[in-house]
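Notes for the one structure printed next.
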Amino acid sequence: MDNWTKIAAEIARVTGKPFQIEHRRSVSGGCINQGYQVSGNDTTYFVKLNNASQESMFVAEAKGLEQMFATKTIRVPQPICWGTAANSSYLVLEWLELGGSGGDKPWEEMGRQLAAMHQRGRADRFGWERNNTIGSTPQINTWTANWGDFFAEHRIGYQLKLAKRRGRNFPDTAKVVAAVKQSLAGISPQPALVHGDLWRGNAGVTSGGEPVIFDPATYYGDREVDLAMTELFGSFPPAFYRGYHQVWQLNEGYQQRKSLYNLYHILNHFNLFGGGYGSQANYIIQQIL
């Protein structure tokens, strides 16, 4: 049984409906996975493939999508099944036809729905039930009572350790971690279910005009991390922020915390791609110190 036959059989088993792949075409799966649109029996799915060793990455993505879906707030692609077939790991998702624009309305609705997800997805600590990935980098989600400790150690500290292994000399990790803890000492946010990797490439509008977010790096954190990242690689439309603020205003001091929260993603981009991200990260670190 080849990979695709096995995946089709698993789709049929999980859905309880006959399924055979009649059409398959390559589509973007991001810079880490191969992506395919597969269809048959009048149904279409999105399939991500990677090496068999990456199965845990897909399990974590599926669990994150399930938890976001369970808040009954914002549309995410529903995970159908996941596993390994021969030397590949796979994740099968509901196919959503993206490409709608619809002007401001869907983006305003996306802001409202994200705020609702942040309100309804709650925990009593920061972290998550398992480690996952941010891009292809491991993301450490050890349950932690204090937000400043969690973000300083498992986000900034961890990325700095990875950068050191790659030969980049940022300021002393212990000193930076202590400064990040101090910067966040005055706040005690409610642990909220966050998307975790919410840039413009992981959000869109369906052809029917419905806002949707996907490719999460889920955990329970300060909701502001999602808002900060929407401003990092080309901001979301103004309507998105208008919608979010209609449901839940941001706390005082967000503008100062924003660059600290985005330091995590800039360090991660340095660790993944190198280049100018290193000097960008150094600039923010010097401001924190």
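Chains: A, B, ... in order of the structure tokens. Residues: from 1 per chain. Ligands: from 1, in order shown.
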Tell me, as an NGL selection string, which residues lie within 7 Å of A:Met229, counting only C-alpha atoms; anything in the same chain fewer than 5 positions away does not count. :A and (198-199 or 262)
Generate a file of the selected residues that holds C-alpha atoms, formatted as a PDB file, in the first residue's frame.
```pdb
ATOM      1  CA  LEU A 198      -0.264  34.929  13.933  1.00  0.00           C
ATOM      2  CA  TRP A 199       1.325  36.757  11.017  1.00  0.00           C
ATOM      3  CA  ASN A 262       8.144  40.148  18.913  1.00  0.00           C
TER       4      ASN A 262
END
```
Return as a CSV table (one decimal) with C-alpha atoms, in the first residue's frame the full set of residues in stretch 54-267 of chain A whose backbone-based DSSP assignment is strand (DSSP E or B).
```csv
chain,number,residue,atom,x,y,z
A,75,ARG,CA,-12.9,29.5,12.0
A,79,PRO,CA,-8.1,18.3,11.5
A,80,ILE,CA,-9.4,15.0,10.0
A,81,CYS,CA,-6.6,12.6,10.8
A,82,TRP,CA,-2.8,12.3,11.1
A,83,GLY,CA,-0.1,9.7,11.4
A,84,THR,CA,2.7,8.1,9.4
A,85,ALA,CA,2.6,6.3,6.1
A,88,SER,CA,6.3,10.2,5.7
A,89,SER,CA,4.2,11.8,8.5
A,90,TYR,CA,1.0,13.5,7.4
A,91,LEU,CA,-1.8,15.7,8.6
A,92,VAL,CA,-5.2,15.8,6.8
A,93,LEU,CA,-7.2,19.0,7.2
A,94,GLU,CA,-10.5,20.3,6.0
A,98,LEU,CA,-9.2,31.0,0.5
A,122,ARG,CA,-8.6,29.9,29.5
A,126,PHE,CA,1.0,29.5,31.2
A,127,GLY,CA,2.2,26.8,28.8
A,132,ASN,CA,5.2,22.0,19.8
A,133,THR,CA,7.0,24.0,17.1
A,134,ILE,CA,7.3,27.6,15.9
A,137,THR,CA,12.0,25.2,15.9
A,138,PRO,CA,10.9,23.4,19.0
A,139,GLN,CA,8.7,25.5,21.2
A,144,THR,CA,4.6,27.8,34.6
A,192,ALA,CA,-5.4,32.8,27.2
A,193,LEU,CA,-5.4,30.3,24.4
A,194,VAL,CA,-3.2,32.0,21.7
A,203,ALA,CA,-4.7,34.3,8.3
A,204,GLY,CA,-7.1,34.8,5.5
A,205,VAL,CA,-10.6,35.1,4.2
A,206,THR,CA,-12.5,32.2,2.5
A,211,PRO,CA,-12.3,34.9,8.3
A,212,VAL,CA,-10.0,32.0,9.1
A,213,ILE,CA,-6.7,31.5,10.9
A,219,TYR,CA,-0.2,27.6,23.9
A,220,TYR,CA,-1.7,29.6,26.9
A,221,GLY,CA,0.0,33.0,27.2
```
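Between atom CA of A:Gln20 and atom CA of A:Gly40 the interatomic distance comes to 5.5 Å.
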Could you give me, as a PyMOL selection string, the residues within 12 Å of stretch 272-279 of chain A, counting only C-alpha atoms and dropping anything in the same chain fewer than 4 positions from it? chain A and resi 31-32+134-138+159-160+162-164+166-171+262-268+283-286
Using N, CA and C atoms, can you export the residues from the last selection as a CSV table (one decimal), in the first residue's frame?
```csv
chain,number,residue,atom,x,y,z
A,31,CYS,N,7.0,26.9,4.3
A,31,CYS,CA,8.4,26.6,4.0
A,31,CYS,C,8.9,25.4,4.6
A,32,ILE,N,8.0,24.7,5.4
A,32,ILE,CA,8.5,23.5,6.2
A,32,ILE,C,7.9,22.2,5.6
A,134,ILE,N,7.5,26.2,16.5
A,134,ILE,CA,7.3,27.6,15.9
A,134,ILE,C,8.1,27.6,14.6
A,135,GLY,N,7.5,27.5,13.5
A,135,GLY,CA,8.2,27.1,12.3
A,135,GLY,C,8.7,25.7,12.4
A,136,SER,N,10.0,25.4,12.3
A,136,SER,CA,10.5,24.1,12.5
A,136,SER,C,11.3,24.0,13.8
A,137,THR,N,11.3,25.2,14.6
A,137,THR,CA,12.0,25.2,15.9
A,137,THR,C,11.1,24.7,17.0
A,138,PRO,N,11.7,23.8,17.9
A,138,PRO,CA,10.9,23.4,19.0
A,138,PRO,C,10.5,24.5,19.9
A,159,GLN,N,15.5,30.6,22.8
A,159,GLN,CA,16.0,31.0,21.5
A,159,GLN,C,17.4,31.5,21.6
A,160,LEU,N,17.8,32.2,22.7
A,160,LEU,CA,19.2,32.7,22.8
A,160,LEU,C,20.1,31.5,22.9
A,162,LEU,N,19.7,28.6,21.6
A,162,LEU,CA,19.8,28.0,20.2
A,162,LEU,C,20.8,28.9,19.4
A,163,ALA,N,20.7,30.2,19.5
A,163,ALA,CA,21.5,31.2,18.7
A,163,ALA,C,23.0,31.0,19.1
A,164,LYS,N,23.2,30.7,20.4
A,164,LYS,CA,24.6,30.5,20.9
A,164,LYS,C,25.2,29.3,20.2
A,166,ARG,N,24.5,28.2,17.4
A,166,ARG,CA,24.8,28.6,16.0
A,166,ARG,C,25.9,29.6,15.9
A,167,GLY,N,26.6,29.9,17.0
A,167,GLY,CA,27.7,30.7,16.9
A,167,GLY,C,27.5,32.2,17.0
A,168,ARG,N,26.3,32.6,17.3
A,168,ARG,CA,26.0,34.1,17.3
A,168,ARG,C,26.2,34.6,18.8
A,169,ASN,N,26.9,35.6,18.9
A,169,ASN,CA,27.1,36.2,20.3
A,169,ASN,C,26.2,37.3,20.6
A,170,PHE,N,25.0,37.0,21.2
A,170,PHE,CA,24.1,38.0,21.7
A,170,PHE,C,24.6,38.2,23.2
A,171,PRO,N,24.1,39.3,23.8
A,171,PRO,CA,24.5,39.5,25.2
A,171,PRO,C,24.2,38.3,26.1
A,262,ASN,N,7.7,40.5,20.3
A,262,ASN,CA,8.1,40.1,18.9
A,262,ASN,C,9.6,39.8,18.8
A,263,LEU,N,10.4,40.1,19.9
A,263,LEU,CA,11.8,39.6,19.9
A,263,LEU,C,11.9,38.1,19.8
A,264,TYR,N,10.9,37.4,20.4
A,264,TYR,CA,10.8,35.9,20.3
A,264,TYR,C,10.8,35.5,18.8
A,265,HIS,N,10.0,36.1,18.0
A,265,HIS,CA,9.9,35.7,16.6
A,265,HIS,C,11.1,36.1,15.8
A,266,ILE,N,11.6,37.3,16.1
A,266,ILE,CA,12.8,37.8,15.4
A,266,ILE,C,14.0,36.8,15.7
A,267,LEU,N,14.2,36.4,17.0
A,267,LEU,CA,15.2,35.5,17.3
A,267,LEU,C,15.0,34.2,16.6
A,268,ASN,N,13.7,33.7,16.5
A,268,ASN,CA,13.4,32.5,15.9
A,268,ASN,C,13.8,32.6,14.4
A,283,TYR,N,19.3,44.9,18.6
A,283,TYR,CA,18.8,46.3,18.8
A,283,TYR,C,17.7,46.2,19.9
A,284,ILE,N,16.8,45.3,19.8
A,284,ILE,CA,15.7,45.2,20.9
A,284,ILE,C,16.3,44.7,22.2
A,285,ILE,N,17.3,43.8,22.2
A,285,ILE,CA,17.9,43.3,23.4
A,285,ILE,C,18.6,44.5,24.1
A,286,GLN,N,19.3,45.3,23.4
A,286,GLN,CA,20.0,46.5,24.0
A,286,GLN,C,18.9,47.4,24.6
```
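Straight-line separation from atom CA of A:His23 to atom CA of A:Asn51: 22.7 Å.
For the set A:Arg120, A:Arg242, A:Arg112, A:Lys181, the residue with the smallest atom-to-atom gap to A:Leu260 is A:Lys181, counting only C-alpha atoms.
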As a VMD selection string, please: all residues of stretch 160-239 of chain A that backbone DSSP puts in helix (DSSP H, G or I). chain A and resid 160 to 165 173 to 183 200 to 202 224 to 230 238 to 239
Saved selection, atoms kept: N, CA and C atoms, as a PDB file, in the first residue's frame:
```
ATOM      1  N   LEU A 160      17.786  32.207  22.687  1.00  0.00           N
ATOM      2  CA  LEU A 160      19.172  32.681  22.827  1.00  0.00           C
ATOM      3  C   LEU A 160      20.148  31.512  22.939  1.00  0.00           C
ATOM      4  N   LYS A 161      19.723  30.446  23.640  1.00  0.00           N
ATOM      5  CA  LYS A 161      20.569  29.247  23.730  1.00  0.00           C
ATOM      6  C   LYS A 161      20.774  28.623  22.350  1.00  0.00           C
ATOM      7  N   LEU A 162      19.705  28.571  21.553  1.00  0.00           N
ATOM      8  CA  LEU A 162      19.829  28.037  20.181  1.00  0.00           C
ATOM      9  C   LEU A 162      20.775  28.904  19.355  1.00  0.00           C
ATOM     10  N   ALA A 163      20.651  30.230  19.509  1.00  0.00           N
ATOM     11  CA  ALA A 163      21.505  31.152  18.745  1.00  0.00           C
ATOM     12  C   ALA A 163      22.977  30.964  19.118  1.00  0.00           C
ATOM     13  N   LYS A 164      23.223  30.714  20.412  1.00  0.00           N
ATOM     14  CA  LYS A 164      24.603  30.503  20.878  1.00  0.00           C
ATOM     15  C   LYS A 164      25.204  29.269  20.215  1.00  0.00           C
ATOM     16  N   ARG A 165      24.390  28.210  20.114  1.00  0.00           N
ATOM     17  CA  ARG A 165      24.853  26.982  19.455  1.00  0.00           C
ATOM     18  C   ARG A 165      25.204  27.240  17.983  1.00  0.00           C
ATOM     19  N   THR A 173      22.991  35.392  28.117  1.00  0.00           N
ATOM     20  CA  THR A 173      21.609  34.889  28.189  1.00  0.00           C
ATOM     21  C   THR A 173      20.985  35.131  29.559  1.00  0.00           C
ATOM     22  N   ALA A 174      21.719  34.836  30.628  1.00  0.00           N
ATOM     23  CA  ALA A 174      21.171  34.994  31.989  1.00  0.00           C
ATOM     24  C   ALA A 174      20.796  36.452  32.255  1.00  0.00           C
ATOM     25  N   LYS A 175      21.624  37.367  31.746  1.00  0.00           N
ATOM     26  CA  LYS A 175      21.363  38.795  31.941  1.00  0.00           C
ATOM     27  C   LYS A 175      20.098  39.225  31.183  1.00  0.00           C
ATOM     28  N   VAL A 176      19.961  38.737  29.954  1.00  0.00           N
ATOM     29  CA  VAL A 176      18.780  39.086  29.142  1.00  0.00           C
ATOM     30  C   VAL A 176      17.511  38.500  29.773  1.00  0.00           C
ATOM     31  N   VAL A 177      17.586  37.235  30.195  1.00  0.00           N
ATOM     32  CA  VAL A 177      16.427  36.580  30.824  1.00  0.00           C
ATOM     33  C   VAL A 177      15.989  37.354  32.071  1.00  0.00           C
ATOM     34  N   ALA A 178      16.952  37.771  32.878  1.00  0.00           N
ATOM     35  CA  ALA A 178      16.624  38.551  34.086  1.00  0.00           C
ATOM     36  C   ALA A 178      15.969  39.881  33.727  1.00  0.00           C
ATOM     37  N   ALA A 179      16.463  40.523  32.668  1.00  0.00           N
ATOM     38  CA  ALA A 179      15.901  41.811  32.241  1.00  0.00           C
ATOM     39  C   ALA A 179      14.480  41.641  31.700  1.00  0.00           C
ATOM     40  N   VAL A 180      14.233  40.543  30.983  1.00  0.00           N
ATOM     41  CA  VAL A 180      12.882  40.276  30.465  1.00  0.00           C
ATOM     42  C   VAL A 180      11.916  40.041  31.630  1.00  0.00           C
ATOM     43  N   LYS A 181      12.345  39.276  32.627  1.00  0.00           N
ATOM     44  CA  LYS A 181      11.505  39.040  33.818  1.00  0.00           C
ATOM     45  C   LYS A 181      11.164  40.360  34.498  1.00  0.00           C
ATOM     46  N   GLN A 182      12.159  41.223  34.586  1.00  0.00           N
ATOM     47  CA  GLN A 182      11.944  42.528  35.230  1.00  0.00           C
ATOM     48  C   GLN A 182      10.961  43.368  34.417  1.00  0.00           C
ATOM     49  N   SER A 183      11.093  43.321  33.084  1.00  0.00           N
ATOM     50  CA  SER A 183      10.191  44.094  32.207  1.00  0.00           C
ATOM     51  C   SER A 183       8.735  43.660  32.354  1.00  0.00           C
ATOM     52  N   ARG A 200       0.562  37.603   8.886  1.00  0.00           N
ATOM     53  CA  ARG A 200      -0.390  37.746   7.780  1.00  0.00           C
ATOM     54  C   ARG A 200      -0.511  36.471   6.936  1.00  0.00           C
ATOM     55  N   GLY A 201       0.579  35.683   6.857  1.00  0.00           N
ATOM     56  CA  GLY A 201       0.554  34.453   6.065  1.00  0.00           C
ATOM     57  C   GLY A 201      -0.261  33.336   6.688  1.00  0.00           C
ATOM     58  N   ASN A 202      -0.638  33.475   7.967  1.00  0.00           N
ATOM     59  CA  ASN A 202      -1.407  32.436   8.653  1.00  0.00           C
ATOM     60  C   ASN A 202      -2.847  32.867   8.937  1.00  0.00           C
ATOM     61  N   GLU A 224      -1.663  39.367  24.321  1.00  0.00           N
ATOM     62  CA  GLU A 224      -0.978  40.407  23.552  1.00  0.00           C
ATOM     63  C   GLU A 224       0.075  39.847  22.604  1.00  0.00           C
ATOM     64  N   VAL A 225       0.559  38.610  22.843  1.00  0.00           N
ATOM     65  CA  VAL A 225       1.569  38.056  21.927  1.00  0.00           C
ATOM     66  C   VAL A 225       0.991  37.896  20.519  1.00  0.00           C
ATOM     67  N   ASP A 226      -0.301  37.529  20.429  1.00  0.00           N
ATOM     68  CA  ASP A 226      -0.936  37.403  19.113  1.00  0.00           C
ATOM     69  C   ASP A 226      -1.064  38.762  18.434  1.00  0.00           C
ATOM     70  N   LEU A 227      -1.504  39.759  19.198  1.00  0.00           N
ATOM     71  CA  LEU A 227      -1.680  41.100  18.626  1.00  0.00           C
ATOM     72  C   LEU A 227      -0.342  41.666  18.173  1.00  0.00           C
ATOM     73  N   ALA A 228       0.697  41.456  18.998  1.00  0.00           N
ATOM     74  CA  ALA A 228       2.023  41.973  18.647  1.00  0.00           C
ATOM     75  C   ALA A 228       2.498  41.384  17.328  1.00  0.00           C
ATOM     76  N   MET A 229       2.316  40.068  17.157  1.00  0.00           N
ATOM     77  CA  MET A 229       2.829  39.451  15.942  1.00  0.00           C
ATOM     78  C   MET A 229       2.073  39.892  14.695  1.00  0.00           C
ATOM     79  N   THR A 230       0.791  40.250  14.856  1.00  0.00           N
ATOM     80  CA  THR A 230       0.050  40.739  13.675  1.00  0.00           C
ATOM     81  C   THR A 230       0.659  42.033  13.128  1.00  0.00           C
ATOM     82  N   PRO A 238      -6.436  47.811   9.325  1.00  0.00           N
ATOM     83  CA  PRO A 238      -6.938  48.540  10.497  1.00  0.00           C
ATOM     84  C   PRO A 238      -8.263  47.993  11.022  1.00  0.00           C
ATOM     85  N   ALA A 239      -9.095  47.461  10.128  1.00  0.00           N
ATOM     86  CA  ALA A 239     -10.401  46.924  10.547  1.00  0.00           C
ATOM     87  C   ALA A 239     -10.238  45.787  11.558  1.00  0.00           C
TER      88      ALA A 239
END
```
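Nearest to A:Arg24 of all the residues A:Val47, A:Ala9, A:Ala145, A:Ala60 is A:Val47, counting only C-alpha atoms.
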Please list as a ChimeraX atom specification every residue within 10 Å of A:Gly253, counting only C-alpha atoms and excluding residues in the same chain fewer than 4 positions away. /A:187,257-258
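Of note, atom CA of A:Ser188 and atom CA of A:Trp107 are spaced 28.8 Å apart.
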Got a sec: who's within 8 Å of A:Thr44, counting only C-alpha atoms, leaving out chain neighbours fewer than 6 positions off, as a PyMOL selection string? chain A and resi 37-38+94-95
Please produce a file of those selected residues containing N, CA and C atoms, as a compact mmCIF listing (two decimals), in the first residue's frame.
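Wrote it out as result.txt, contents follow:
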```txt
# COMPACT_ATOMS: atom_id res chain seq x y z
N GLN A 37 -3.55 19.38 -2.30
CA GLN A 37 -5.01 19.33 -2.34
C GLN A 37 -5.37 17.97 -2.91
N VAL A 38 -6.16 17.18 -2.17
CA VAL A 38 -6.59 15.88 -2.68
C VAL A 38 -8.11 15.85 -2.69
N GLU A 94 -9.43 19.77 6.85
CA GLU A 94 -10.54 20.27 6.04
C GLU A 94 -9.98 21.25 5.00
N TRP A 95 -10.46 21.17 3.78
CA TRP A 95 -10.03 22.11 2.74
C TRP A 95 -10.89 23.38 2.83
```
